[in-house]
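Structure file entry10.txt; described as compact mmCIF, C-alpha atoms.
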# COMPACT_ATOMS: atom_id res chain seq x y z
CA MET P 1 92.32 100.87 99.28
CA SER P 2 96.01 101.34 100.08
CA PRO P 3 96.20 105.10 99.36
CA MET P 4 93.73 105.63 102.21
CA LYS P 5 95.82 103.74 104.73
CA SER P 6 98.17 106.62 105.48
CA LYS P 7 95.31 108.96 106.41
CA LYS P 8 94.49 109.30 110.07
CA ASP P 9 91.15 107.56 110.33
CA ASN P 10 90.19 109.06 113.67
CA ILE P 11 89.77 112.59 112.33
CA ARG P 12 86.02 112.80 111.92
CA PRO P 13 85.41 114.72 108.67
CA GLY P 14 88.29 112.99 106.87
CA HIS P 15 87.11 109.66 108.16
CA ARG P 16 83.61 110.35 106.92
CA ARG P 17 84.79 111.27 103.46
CA THR P 18 86.97 108.16 103.34
CA THR P 19 84.12 105.93 104.48
CA PHE P 20 81.82 107.42 101.89
CA SER P 21 84.17 107.26 98.92
CA ARG P 22 85.32 103.75 99.82
CA GLY P 23 81.73 102.58 100.03
CA VAL P 24 80.77 104.13 96.70
CA ALA P 25 83.93 102.85 95.01
CA ALA P 26 83.15 99.30 96.13
CA ALA P 27 79.63 99.57 94.73
CA TRP P 28 80.37 100.54 91.12
CA PRO P 29 80.49 97.02 89.63
CA ILE P 30 77.13 96.33 91.29
CA CYS P 31 75.62 99.54 89.94
CA LEU P 32 76.90 98.80 86.44
CA GLY P 33 75.32 95.37 86.62
CA TYR P 34 72.02 96.71 87.97
CA LEU P 35 71.67 99.15 85.06
CA PRO P 36 70.48 96.64 82.41
CA ILE P 37 68.56 94.51 84.92
CA GLY P 38 66.85 97.47 86.57
CA LEU P 39 65.82 98.93 83.20
CA ALA P 40 64.57 95.53 82.04
CA PHE P 41 62.55 95.13 85.20
CA GLY P 42 61.02 98.58 84.77
CA VAL P 43 60.03 97.86 81.19
CA LEU P 44 58.46 94.54 82.17
CA ALA P 45 56.62 96.05 85.14
CA GLN P 46 55.29 98.90 83.02
CA LYS P 47 54.02 96.38 80.45
CA ALA P 48 52.31 94.52 83.30
CA GLY P 49 50.44 97.74 84.13
CA LEU P 50 52.50 99.19 87.00
CA SER P 51 53.10 102.93 87.21
CA PRO P 52 56.60 104.35 87.82
CA LEU P 53 55.51 105.16 91.40
CA GLN P 54 54.38 101.60 92.01
CA ILE P 55 57.63 100.29 90.54
CA GLY P 56 59.72 102.61 92.72
CA LEU P 57 57.81 101.60 95.84
CA MET P 58 58.33 97.91 95.13
CA SER P 59 62.06 98.43 94.54
CA MET P 60 62.23 100.34 97.82
CA PHE P 61 60.22 97.95 100.00
CA VAL P 62 61.56 94.70 98.55
CA PHE P 63 64.95 95.40 96.91
CA ALA P 64 65.45 91.87 95.60
CA GLY P 65 65.65 91.57 91.82
CA SER P 66 64.61 88.03 90.98
CA SER P 67 61.64 88.03 93.37
CA GLN P 68 60.46 91.35 91.88
CA PHE P 69 60.49 89.88 88.37
CA ILE P 70 58.48 86.90 89.61
CA ALA P 71 56.05 89.09 91.57
CA VAL P 72 55.32 91.25 88.52
CA SER P 73 54.49 88.26 86.35
CA MET P 74 52.34 86.84 89.16
CA LEU P 75 50.52 90.19 89.53
CA ALA P 76 49.87 90.24 85.80
CA ALA P 77 48.48 86.70 86.01
CA GLY P 78 46.17 87.73 88.86
CA ALA P 79 47.82 85.69 91.61
CA SER P 80 46.68 86.11 95.23
CA LEU P 81 48.53 88.19 97.81
CA PHE P 82 49.39 85.07 99.78
CA ALA P 83 50.83 83.27 96.73
CA ILE P 84 53.03 86.26 95.83
CA VAL P 85 54.30 86.79 99.38
CA ALA P 86 54.96 83.07 99.93
CA THR P 87 56.86 82.80 96.64
CA THR P 88 58.91 85.89 97.54
CA PHE P 89 59.79 84.32 100.88
CA VAL P 90 61.09 81.13 99.28
CA VAL P 91 62.96 82.94 96.51
CA ASN P 92 64.72 85.24 99.00
CA LEU P 93 65.48 82.68 101.70
CA ARG P 94 69.07 82.44 100.45
CA HIS P 95 69.75 85.84 102.07
CA PHE P 96 69.45 84.06 105.42
CA LEU P 97 72.66 82.19 104.62
CA MET P 98 74.37 85.34 103.37
CA SER P 99 73.50 87.36 106.47
CA SER P 100 74.73 84.46 108.63
CA ALA P 101 78.09 84.41 106.84
CA LEU P 102 78.37 88.20 107.15
CA ALA P 103 77.50 88.04 110.88
CA VAL P 104 80.83 86.33 111.59
CA PHE P 105 82.58 89.61 110.72
CA LEU P 106 80.20 91.89 112.63
CA LYS P 107 80.55 90.71 116.22
CA ASN P 108 78.89 93.11 118.69
CA ALA P 109 78.18 95.74 116.05
CA ASP P 110 75.55 98.41 116.71
CA PRO P 111 72.13 96.67 116.30
CA LYS P 112 70.62 99.80 114.76
CA LYS P 113 73.28 99.89 112.05
CA LEU P 114 72.90 96.14 111.55
CA THR P 115 69.18 96.62 110.92
CA PHE P 116 69.85 99.22 108.23
CA PHE P 117 72.60 97.00 106.83
CA ALA P 118 70.28 93.96 106.73
CA TYR P 119 67.87 95.77 104.40
CA GLY P 120 70.57 96.00 101.75
CA VAL P 121 71.87 92.41 101.81
CA THR P 122 71.61 91.15 98.24
CA ASP P 123 73.58 88.49 96.33
CA GLU P 124 75.76 91.26 94.98
CA SER P 125 76.36 93.36 98.11
CA PHE P 126 76.92 90.18 100.12
CA ALA P 127 79.67 89.02 97.79
CA VAL P 128 81.37 92.42 97.64
CA ASN P 129 81.16 93.18 101.38
CA LEU P 130 82.23 89.72 102.46
CA SER P 131 85.46 89.78 100.48
CA LYS P 132 86.07 93.34 101.75
CA PHE P 133 85.46 92.37 105.40
CA ARG P 134 87.94 89.56 105.05
CA ASP P 135 90.81 91.88 104.20
CA SER P 136 90.05 93.73 107.45
CA GLN P 137 90.33 97.24 105.99
CA TRP P 138 86.54 97.30 105.78
CA ASP P 139 84.01 98.56 108.31
CA LEU P 140 80.24 98.51 108.72
CA ASP P 141 79.90 102.20 107.77
CA SER P 142 81.57 101.65 104.40
CA ALA P 143 79.47 98.53 103.90
CA LEU P 144 76.33 100.58 104.58
CA VAL P 145 77.37 103.12 101.94
CA THR P 146 77.96 100.29 99.45
CA ASN P 147 74.52 98.79 100.15
CA TYR P 148 72.65 102.08 99.85
CA THR P 149 74.53 103.10 96.69
CA ALA P 150 73.41 99.83 95.13
CA ASN P 151 69.89 100.30 96.52
CA PHE P 152 69.66 103.84 95.13
CA THR P 153 70.83 102.62 91.71
CA TRP P 154 68.24 99.83 91.75
CA ILE P 155 65.37 102.17 92.58
CA ILE P 156 66.41 104.77 89.98
CA THR P 157 67.03 102.29 87.15
CA THR P 158 63.78 100.37 87.73
CA VAL P 159 61.77 103.62 87.75
CA LEU P 160 63.59 104.85 84.62
CA GLY P 161 62.78 101.54 82.93
CA GLY P 162 59.14 102.06 83.84
CA ILE P 163 59.12 105.58 82.39
CA GLY P 164 60.78 104.88 79.05
CA GLY P 165 63.14 101.94 79.30
CA GLN P 166 62.33 100.61 75.87
CA PHE P 167 64.05 103.66 74.35
CA ILE P 168 67.32 103.13 76.23
CA PRO P 169 69.82 100.81 74.50
CA ALA P 170 70.37 98.81 77.67
CA HIS P 171 72.21 95.82 76.24
CA ALA P 172 75.19 97.49 74.60
CA PHE P 173 78.87 96.92 75.43
CA GLY P 174 78.32 93.49 76.98
CA ILE P 175 76.84 95.18 80.03
CA ASP P 176 74.60 92.14 80.57
CA TYR P 177 77.73 90.30 81.62
CA ALA P 178 78.81 92.79 84.34
CA LEU P 179 77.31 90.89 87.29
CA ILE P 180 78.47 87.48 86.05
CA ALA P 181 82.03 88.81 85.66
CA MET P 182 81.80 90.36 89.13
CA PHE P 183 80.68 87.05 90.65
CA ILE P 184 83.49 85.23 88.84
CA CYS P 185 86.10 87.49 90.41
CA LEU P 186 84.49 87.44 93.86
CA LEU P 187 84.41 83.63 93.69
CA VAL P 188 88.13 83.66 92.86
CA PHE P 189 88.70 85.76 96.01
CA GLN P 190 86.96 83.04 98.04
CA LEU P 191 89.12 80.21 96.68
CA ARG P 192 91.77 80.51 99.37
CA GLY P 193 92.99 76.93 99.32
CA PHE P 194 92.28 73.52 97.86
CA ILE P 195 89.39 72.78 100.21
CA TYR P 196 87.56 75.95 99.16
CA VAL P 197 88.00 75.02 95.49
CA LEU P 198 86.62 71.58 96.27
CA THR P 199 83.65 72.99 98.21
CA ALA P 200 82.87 75.45 95.41
CA ALA P 201 83.08 72.68 92.79
CA ILE P 202 80.72 70.47 94.78
CA ALA P 203 78.29 73.38 95.30
CA GLY P 204 78.34 74.32 91.61
CA ILE P 205 77.77 70.79 90.36
CA CYS P 206 75.02 70.13 92.94
CA ALA P 207 73.37 73.42 91.99
CA VAL P 208 73.38 72.58 88.28
CA LEU P 209 71.92 69.12 88.88
CA LEU P 210 69.32 70.32 91.40
CA SER P 211 68.28 73.24 89.18
CA MET P 212 67.15 70.71 86.59
CA VAL P 213 64.84 68.87 89.00
CA ILE P 214 63.47 71.48 91.43
CA PRO P 215 61.57 74.54 90.23
CA GLY P 216 62.49 78.00 91.53
CA ASN P 217 65.88 78.85 92.95
CA SER P 218 65.96 76.83 96.19
CA TYR P 219 68.75 74.81 94.57
CA ILE P 220 71.12 77.65 95.56
CA VAL P 221 70.42 77.26 99.29
CA ILE P 222 70.33 73.45 99.28
CA ALA P 223 73.50 73.04 97.19
CA SER P 224 75.55 75.55 99.19
CA MET P 225 74.46 74.28 102.63
CA ALA P 226 75.29 70.71 101.61
CA ALA P 227 78.61 71.63 100.00
CA ALA P 228 79.68 73.68 103.03
CA ALA P 229 78.83 70.74 105.29
CA ILE P 230 80.88 68.41 103.08
CA GLY P 231 83.70 70.97 103.26
CA VAL P 232 83.63 70.88 107.08
CA VAL P 233 83.66 67.07 107.13
CA ILE P 234 86.55 66.83 104.66
CA LYS P 235 88.51 69.44 106.61
CA LYS P 236 88.05 67.39 109.81
CA LYS P 237 88.87 64.07 108.18
CA VAL P 238 91.84 65.07 106.08
CA GLY P 239 93.10 68.03 108.06
CA LEU P 240 93.20 70.16 104.93
CA GLY P 241 92.58 73.87 104.63
CA GLU P 242 95.00 75.24 107.20
CA GLU P 243 95.26 78.47 105.21
CA ARG P 244 92.65 80.84 106.59
CA MET D 1 47.54 106.08 92.29
CA VAL D 2 48.64 103.22 94.46
CA SER D 3 45.89 100.92 95.65
CA THR D 4 45.74 99.41 99.14
CA GLU D 5 45.91 95.93 97.62
CA TYR D 6 49.17 96.76 95.85
CA LEU D 7 50.61 98.30 99.02
CA ALA D 8 49.67 95.15 100.95
CA VAL D 9 51.47 93.00 98.36
CA ILE D 10 54.72 94.97 98.44
CA LEU D 11 54.65 95.39 102.24
CA GLY D 12 54.18 91.63 102.61
CA MET D 13 56.97 90.97 100.12
CA GLY D 14 59.18 93.48 101.92
CA MET D 15 58.59 91.87 105.30
CA VAL D 16 59.34 88.29 104.23
CA THR D 17 62.44 89.52 102.39
CA PHE D 18 63.70 91.63 105.27
CA LEU D 19 63.32 89.03 108.04
CA PRO D 20 65.76 86.42 106.64
CA ARG D 21 68.23 89.25 105.97
CA TRP D 22 67.86 90.69 109.46
CA LEU D 23 67.50 87.76 111.90
CA PRO D 24 71.00 86.25 111.50
CA LEU D 25 72.61 89.68 111.69
CA VAL D 26 71.01 90.67 115.00
CA TYR D 27 70.99 87.17 116.50
CA LEU D 28 74.38 85.74 115.50
CA THR D 29 76.42 88.90 116.13
CA LYS D 30 75.43 88.97 119.81
CA ARG D 31 76.78 85.59 120.88
CA SER D 32 79.88 83.49 120.40
CA LEU D 33 79.27 80.77 117.86
CA PRO D 34 80.35 77.12 118.17
CA SER D 35 83.47 76.41 116.14
CA TRP D 36 81.73 73.97 113.78
CA LEU D 37 79.26 76.70 112.83
CA VAL D 38 82.02 79.24 112.18
CA GLU D 39 83.83 76.64 110.05
CA TRP D 40 80.64 75.87 108.15
CA LEU D 41 79.90 79.57 107.59
CA ASP D 42 83.48 80.00 106.38
CA PHE D 43 82.66 77.71 103.43
CA ILE D 44 79.31 79.37 102.64
CA PRO D 45 80.61 82.25 100.47
CA ALA D 46 82.63 80.02 98.11
CA ALA D 47 79.73 77.54 97.98
CA ILE D 48 76.95 80.07 97.45
CA LEU D 49 78.80 82.08 94.79
CA SER D 50 79.54 78.89 92.87
CA ALA D 51 75.94 77.70 93.28
CA ILE D 52 74.69 81.00 91.81
CA LEU D 53 77.31 81.18 89.09
CA LEU D 54 77.65 77.71 87.56
CA PRO D 55 73.94 77.23 86.67
CA ALA D 56 73.97 80.72 85.13
CA LEU D 57 76.95 79.72 82.98
CA ILE D 58 76.12 76.23 81.79
CA THR D 59 72.35 75.84 81.96
CA ASP D 60 69.53 77.38 79.98
CA SER D 61 67.34 78.98 82.64
CA ALA D 62 64.19 78.71 80.50
CA THR D 63 64.42 75.01 79.70
CA ARG D 64 66.46 74.05 82.79
CA SER D 65 68.87 71.91 80.81
CA ILE D 66 72.65 71.78 80.56
CA GLU D 67 73.97 73.63 77.54
CA LEU D 68 77.72 73.75 77.80
CA TRP D 69 78.97 75.99 75.01
CA ARG D 70 76.90 79.05 75.68
CA PRO D 71 78.61 82.44 75.21
CA GLU D 72 78.23 82.99 78.97
CA PHE D 73 80.43 79.94 79.61
CA ILE D 74 82.93 80.50 76.80
CA VAL D 75 83.53 84.09 77.97
CA ALA D 76 83.74 82.89 81.60
CA ILE D 77 86.94 80.91 80.92
CA PRO D 78 89.23 83.84 79.97
CA THR D 79 87.41 86.05 82.53
CA PHE D 80 88.14 83.49 85.26
CA LEU D 81 91.81 83.29 84.24
CA PHE D 82 92.06 87.08 84.22
CA ALA D 83 90.58 87.20 87.73
CA ILE D 84 93.04 84.59 89.03
CA LEU D 85 96.03 86.37 87.49
CA THR D 86 95.17 89.97 88.37
CA LYS D 87 92.87 89.68 91.42
CA SER D 88 91.33 92.90 90.13
CA LEU D 89 87.56 93.19 90.51
CA GLY D 90 87.17 96.26 88.29
CA GLY D 91 89.47 94.82 85.63
CA THR D 92 87.61 91.52 85.60
CA VAL D 93 84.24 93.24 85.19
CA ILE D 94 85.53 95.30 82.25
CA VAL D 95 87.28 92.35 80.57
CA GLY D 96 84.19 90.15 80.99
CA MET D 97 81.93 92.82 79.51
CA VAL D 98 84.21 93.52 76.52
CA LEU D 99 84.62 89.81 75.74
CA PHE D 100 80.89 89.19 76.07
CA GLY D 101 80.14 92.18 73.84
CA LEU D 102 82.53 90.78 71.23
CA ALA D 103 81.08 87.29 71.59
CA GLU D 104 77.57 88.63 71.02
CA LYS D 105 78.75 90.48 67.93
CA PHE D 106 80.83 87.73 66.33
CA LEU D 107 79.34 84.46 67.53
CA ASN D 108 75.96 85.34 65.98
CA ILE D 109 73.72 84.93 68.97

Since I need it in another form, could you write the structure as structure tokens?
Amino acid sequence: MSPMKSKKDNIRPGHRRTTFSRGVAAAWPICLGYLPIGLAFGVLAQKAGLSPLQIGLMSMFVFAGSSQFIAVSMLAAGASLFAIVATTFVVNLRHFLMSSALAVFLKNADPKKLTFFAYGVTDESFAVNLSKFRDSQWDLDSALVTNYTANFTWIITTVLGGIGGQFIPAHAFGIDYALIAMFICLLVFQLRGFIYVLTAAIAGICAVLLSMVIPGNSYIVIASMAAAAIGVVIKKKVGLGEER
Amino acid sequence: MVSTEYLAVILGMGMVTFLPRWLPLVYLTKRSLPSWLVEWLDFIPAAILSAILLPALITDSATRSIELWRPEFIVAIPTFLFAILTKSLGGTVIVGMVLFGLAEKFLNI
């Protein structure tokens, strides 16, 4: 973002354009990654009997990929409203941790903006925004643009998948790997010292082991809460991790 | 046509998804947090990204078993090195995609 630095940020129209283009630029890896997943979801939902309108509404109201996949298969199997909503709650509980970590960077921000921002907190936008907030050139307005760009892409791609996704070659060019590669790089950004590497290693290993014994994805929340706690204890005991 | 039942399902899903996203943001941004909590939250991103990533790389999500030499994991090694060396998000995404595309083509998966 260095070319933008020289611009005077307090001039309104220029500032707006900068905010917008920065937000969109930060969102492109997310959008690329959503393309195959959104199309796949649309195809699956259409096969389960949902119309493009129903698909679009779900993507708009829920905006959480994995829980939408699960909900569609539960709908097709005739599950009850309560079962679907309860499952969605558990599957998406990890966002609670992500919003908490983001909150550290948003002290005393406008509650109205925070509410709109909260809607767009996903695994992907969390990871992108958090590393951006840390290098302090980032603001809530840009983060909002990033979230809604990703949200817009998700809605459009899922609806397109529902209309005729099976005719779109969605798995070309290794595009299925876009989000994994993005997470790899964003994880590297978080490894800011030995203690972070250690915490990440503990979290990863715990997650792998837990994923084999507990159904669903609660292993993500349990493993990362435990690993972060171990990180705090080690930092206290050994006095490591001075680099912040 | 969208039935009332379907609307109830997605509204319910939307509500239970929104609340965990929203509560920490409105609640935690308004007060000063104890230092242990800030320290703990400081470790959450590294932990959570690793907890999402590693199972996706080395386990089969259908059978829930460890399967080390999957193309996802093999491609992750050079992708990880590229990310460490360049610190470029866009570059890493492109390199990962190209390598995975090649792996799919030549590793016969």

Atomic separation - CA of Thr122 in chain P relative to CA of Gly174 in chain P, Å | 22.4 Å

Can you tell me which residues surround Phe61 in chain P at a distance of at most 8 Å, considering all atoms listed in the file, apart from same-chain residues fewer than 6 positions away, and format the answer as a short mmCIF file (atom, residue, chain, number, x, y, z; two decimals) with C-alpha atoms, in the coordinates of the input?
data_model
loop_
_atom_site.label_atom_id
_atom_site.label_comp_id
_atom_site.auth_asym_id
_atom_site.auth_seq_id
_atom_site.Cartn_x
_atom_site.Cartn_y
_atom_site.Cartn_z
CA ILE D 10 54.72 94.97 98.44
CA LEU D 11 54.65 95.39 102.24
CA MET D 13 56.97 90.97 100.12
CA GLY D 14 59.18 93.48 101.92
#

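Once all atoms listed in the file are considered, the residues situated within 9 Å of the file point (50.0, 95.3, 93.4) turn out to be Leu50, Gln54, Met58, Ala71, Val72, Leu75 and Leu81 of chain P; Val2, Ser3, Thr4, Glu5, Tyr6, Leu7, Ala8, Val9 and Ile10 of chain D.
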
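Minimum atom-to-atom distances from P:Cys206, P:Val121, P:Ala229, P:Ile175 to Ser100 in chain P were compared using all atoms listed in the file, and the lowest value belongs to P:Val121.
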
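Straight-line separation from CA of Ala103 in chain P to CA of Leu28 in chain D: 6.0 Å.
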
Quick one: residues within 10 Å of Ile222 in chain P, all atoms listed in the file, excluding same-chain residues fewer than 6 positions away - as a CSV table (one decimal) with C-alpha atoms, in the frame of the given file?
chain,number,residue,atom,x,y,z
P,94,ARG,CA,69.1,82.4,100.4
P,203,ALA,CA,78.3,73.4,95.3
P,206,CYS,CA,75.0,70.1,92.9
P,207,ALA,CA,73.4,73.4,92.0
P,210,LEU,CA,69.3,70.3,91.4
D,48,ILE,CA,77.0,80.1,97.4
D,51,ALA,CA,75.9,77.7,93.3

Contact set, chain P to chain D: 7 Å, only C-alpha atoms, as a compact mmCIF listing (two decimals) with C-alpha atoms, keeping the file's coordinate frame:
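Written output follows (result.txt):
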# COMPACT_ATOMS: atom_id res chain seq x y z
CA PRO P 29 80.49 97.02 89.63
CA GLN P 54 54.38 101.60 92.01
CA MET P 58 58.33 97.91 95.13
CA PHE P 61 60.22 97.95 100.00
CA VAL P 62 61.56 94.70 98.55
CA LEU P 81 48.53 88.19 97.81
CA VAL P 85 54.30 86.79 99.38
CA THR P 88 58.91 85.89 97.54
CA PHE P 89 59.79 84.32 100.88
CA ASN P 92 64.72 85.24 99.00
CA LEU P 93 65.48 82.68 101.70
CA HIS P 95 69.75 85.84 102.07
CA PHE P 96 69.45 84.06 105.42
CA SER P 99 73.50 87.36 106.47
CA SER P 100 74.73 84.46 108.63
CA ALA P 101 78.09 84.41 106.84
CA ALA P 103 77.50 88.04 110.88
CA VAL P 104 80.83 86.33 111.59
CA LEU P 106 80.20 91.89 112.63
CA LYS P 107 80.55 90.71 116.22
CA ASN P 108 78.89 93.11 118.69
CA PRO P 111 72.13 96.67 116.30
CA LEU P 114 72.90 96.14 111.55
CA THR P 115 69.18 96.62 110.92
CA ALA P 118 70.28 93.96 106.73
CA TYR P 119 67.87 95.77 104.40
CA VAL P 121 71.87 92.41 101.81
CA PHE P 173 78.87 96.92 75.43
CA GLY P 174 78.32 93.49 76.98
CA ILE P 175 76.84 95.18 80.03
CA TYR P 177 77.73 90.30 81.62
CA ALA P 178 78.81 92.79 84.34
CA ALA P 181 82.03 88.81 85.66
CA MET P 182 81.80 90.36 89.13
CA PHE P 183 80.68 87.05 90.65
CA ILE P 184 83.49 85.23 88.84
CA CYS P 185 86.10 87.49 90.41
CA LEU P 187 84.41 83.63 93.69
CA VAL P 188 88.13 83.66 92.86
CA GLN P 190 86.96 83.04 98.04
CA LEU P 191 89.12 80.21 96.68
CA TYR P 196 87.56 75.95 99.16
CA THR P 199 83.65 72.99 98.21
CA ALA P 200 82.87 75.45 95.41
CA ALA P 203 78.29 73.38 95.30
CA GLY P 204 78.34 74.32 91.61
CA ALA P 207 73.37 73.42 91.99
CA VAL P 208 73.38 72.58 88.28
CA SER P 211 68.28 73.24 89.18
CA MET P 212 67.15 70.71 86.59
CA ILE P 220 71.12 77.65 95.56
CA ALA P 223 73.50 73.04 97.19
CA SER P 224 75.55 75.55 99.19
CA ALA P 227 78.61 71.63 100.00
CA ALA P 228 79.68 73.68 103.03
CA ALA P 229 78.83 70.74 105.29
CA GLY P 231 83.70 70.97 103.26
CA VAL P 232 83.63 70.88 107.08

Tell me, in Å to one decimal, how far CA of Asn147 in chain P is from CA of Val43 in chain P.
-> 23.9 Å

Which residues are near Asn129 in chain P? Cut-off 12 Å, all atoms listed in the file, ignore same chain within fewer than 5 positions. Put them as a PDB file with C-alpha atoms, in the coordinates of the input.
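And here is the file that came out, result24.pdb:
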ATOM      1  CA  ARG P  22      85.320 103.750  99.820  1.00  0.00           C
ATOM      2  CA  GLY P  23      81.730 102.580 100.030  1.00  0.00           C
ATOM      3  CA  VAL P  24      80.770 104.130  96.700  1.00  0.00           C
ATOM      4  CA  ALA P  25      83.930 102.850  95.010  1.00  0.00           C
ATOM      5  CA  ALA P  26      83.150  99.300  96.130  1.00  0.00           C
ATOM      6  CA  ALA P  27      79.630  99.570  94.730  1.00  0.00           C
ATOM      7  CA  ILE P  30      77.130  96.330  91.290  1.00  0.00           C
ATOM      8  CA  MET P  98      74.370  85.340 103.370  1.00  0.00           C
ATOM      9  CA  SER P  99      73.500  87.360 106.470  1.00  0.00           C
ATOM     10  CA  ALA P 101      78.090  84.410 106.840  1.00  0.00           C
ATOM     11  CA  LEU P 102      78.370  88.200 107.150  1.00  0.00           C
ATOM     12  CA  ALA P 103      77.500  88.040 110.880  1.00  0.00           C
ATOM     13  CA  PHE P 105      82.580  89.610 110.720  1.00  0.00           C
ATOM     14  CA  LEU P 106      80.200  91.890 112.630  1.00  0.00           C
ATOM     15  CA  PHE P 117      72.600  97.000 106.830  1.00  0.00           C
ATOM     16  CA  GLY P 120      70.570  96.000 101.750  1.00  0.00           C
ATOM     17  CA  VAL P 121      71.870  92.410 101.810  1.00  0.00           C
ATOM     18  CA  THR P 122      71.610  91.150  98.240  1.00  0.00           C
ATOM     19  CA  ASP P 123      73.580  88.490  96.330  1.00  0.00           C
ATOM     20  CA  GLU P 124      75.760  91.260  94.980  1.00  0.00           C
ATOM     21  CA  ARG P 134      87.940  89.560 105.050  1.00  0.00           C
ATOM     22  CA  ASP P 135      90.810  91.880 104.200  1.00  0.00           C
ATOM     23  CA  SER P 136      90.050  93.730 107.450  1.00  0.00           C
ATOM     24  CA  GLN P 137      90.330  97.240 105.990  1.00  0.00           C
ATOM     25  CA  TRP P 138      86.540  97.300 105.780  1.00  0.00           C
ATOM     26  CA  ASP P 139      84.010  98.560 108.310  1.00  0.00           C
ATOM     27  CA  LEU P 140      80.240  98.510 108.720  1.00  0.00           C
ATOM     28  CA  ASP P 141      79.900 102.200 107.770  1.00  0.00           C
ATOM     29  CA  SER P 142      81.570 101.650 104.400  1.00  0.00           C
ATOM     30  CA  ALA P 143      79.470  98.530 103.900  1.00  0.00           C
ATOM     31  CA  LEU P 144      76.330 100.580 104.580  1.00  0.00           C
ATOM     32  CA  VAL P 145      77.370 103.120 101.940  1.00  0.00           C
ATOM     33  CA  THR P 146      77.960 100.290  99.450  1.00  0.00           C
ATOM     34  CA  ASN P 147      74.520  98.790 100.150  1.00  0.00           C
ATOM     35  CA  ALA P 150      73.410  99.830  95.130  1.00  0.00           C
ATOM     36  CA  LEU P 186      84.490  87.440  93.860  1.00  0.00           C
ATOM     37  CA  PHE P 189      88.700  85.760  96.010  1.00  0.00           C
TER      38      PHE P 189
ATOM     39  CA  PRO D  45      80.610  82.250 100.470  1.00  0.00           C
TER      40      PRO D  45
END

Enclosing box along x, y and z for every listed atom of range 203-218 of chain P, padded 6 Å each side, centre and size in Å, one decimal, as lines of an AutoDock Vina configuration file:
center_x = 70.0
center_y = 73.9
center_z = 91.4
size_x = 28.8
size_y = 22.0
size_z = 21.6

Kindly add N, CA and C atoms to the incomplete range 98-110 of chain P and provide the output as a compact mmCIF listing (two decimals), in the coordinates of the input.
# COMPACT_ATOMS: atom_id res chain seq x y z
N MET P 98 73.40 84.26 103.62
CA MET P 98 74.37 85.34 103.37
C MET P 98 74.54 86.20 104.61
N SER P 99 73.42 86.56 105.25
CA SER P 99 73.50 87.36 106.47
C SER P 99 74.24 86.59 107.57
N SER P 100 74.03 85.27 107.63
CA SER P 100 74.73 84.46 108.63
C SER P 100 76.24 84.51 108.41
N ALA P 101 76.65 84.38 107.14
CA ALA P 101 78.09 84.41 106.84
C ALA P 101 78.67 85.79 107.13
N LEU P 102 77.89 86.85 106.86
CA LEU P 102 78.37 88.20 107.15
C LEU P 102 78.47 88.45 108.66
N ALA P 103 77.57 87.81 109.43
CA ALA P 103 77.50 88.04 110.88
C ALA P 103 78.82 87.71 111.57
N VAL P 104 79.55 86.73 111.00
CA VAL P 104 80.83 86.33 111.59
C VAL P 104 81.79 87.53 111.69
N PHE P 105 81.67 88.46 110.75
CA PHE P 105 82.58 89.61 110.72
C PHE P 105 82.03 90.83 111.47
N LEU P 106 80.85 90.71 112.04
CA LEU P 106 80.20 91.89 112.63
C LEU P 106 79.87 91.69 114.10
N LYS P 107 80.75 90.97 114.79
CA LYS P 107 80.55 90.71 116.22
C LYS P 107 80.31 92.00 117.00
N ASN P 108 79.21 92.00 117.79
CA ASN P 108 78.89 93.11 118.69
C ASN P 108 78.78 94.47 118.00
N ALA P 109 78.39 94.46 116.73
CA ALA P 109 78.18 95.74 116.05
C ALA P 109 76.88 96.37 116.54
N ASP P 110 76.74 97.65 116.31
CA ASP P 110 75.55 98.41 116.71
C ASP P 110 74.30 97.81 116.05
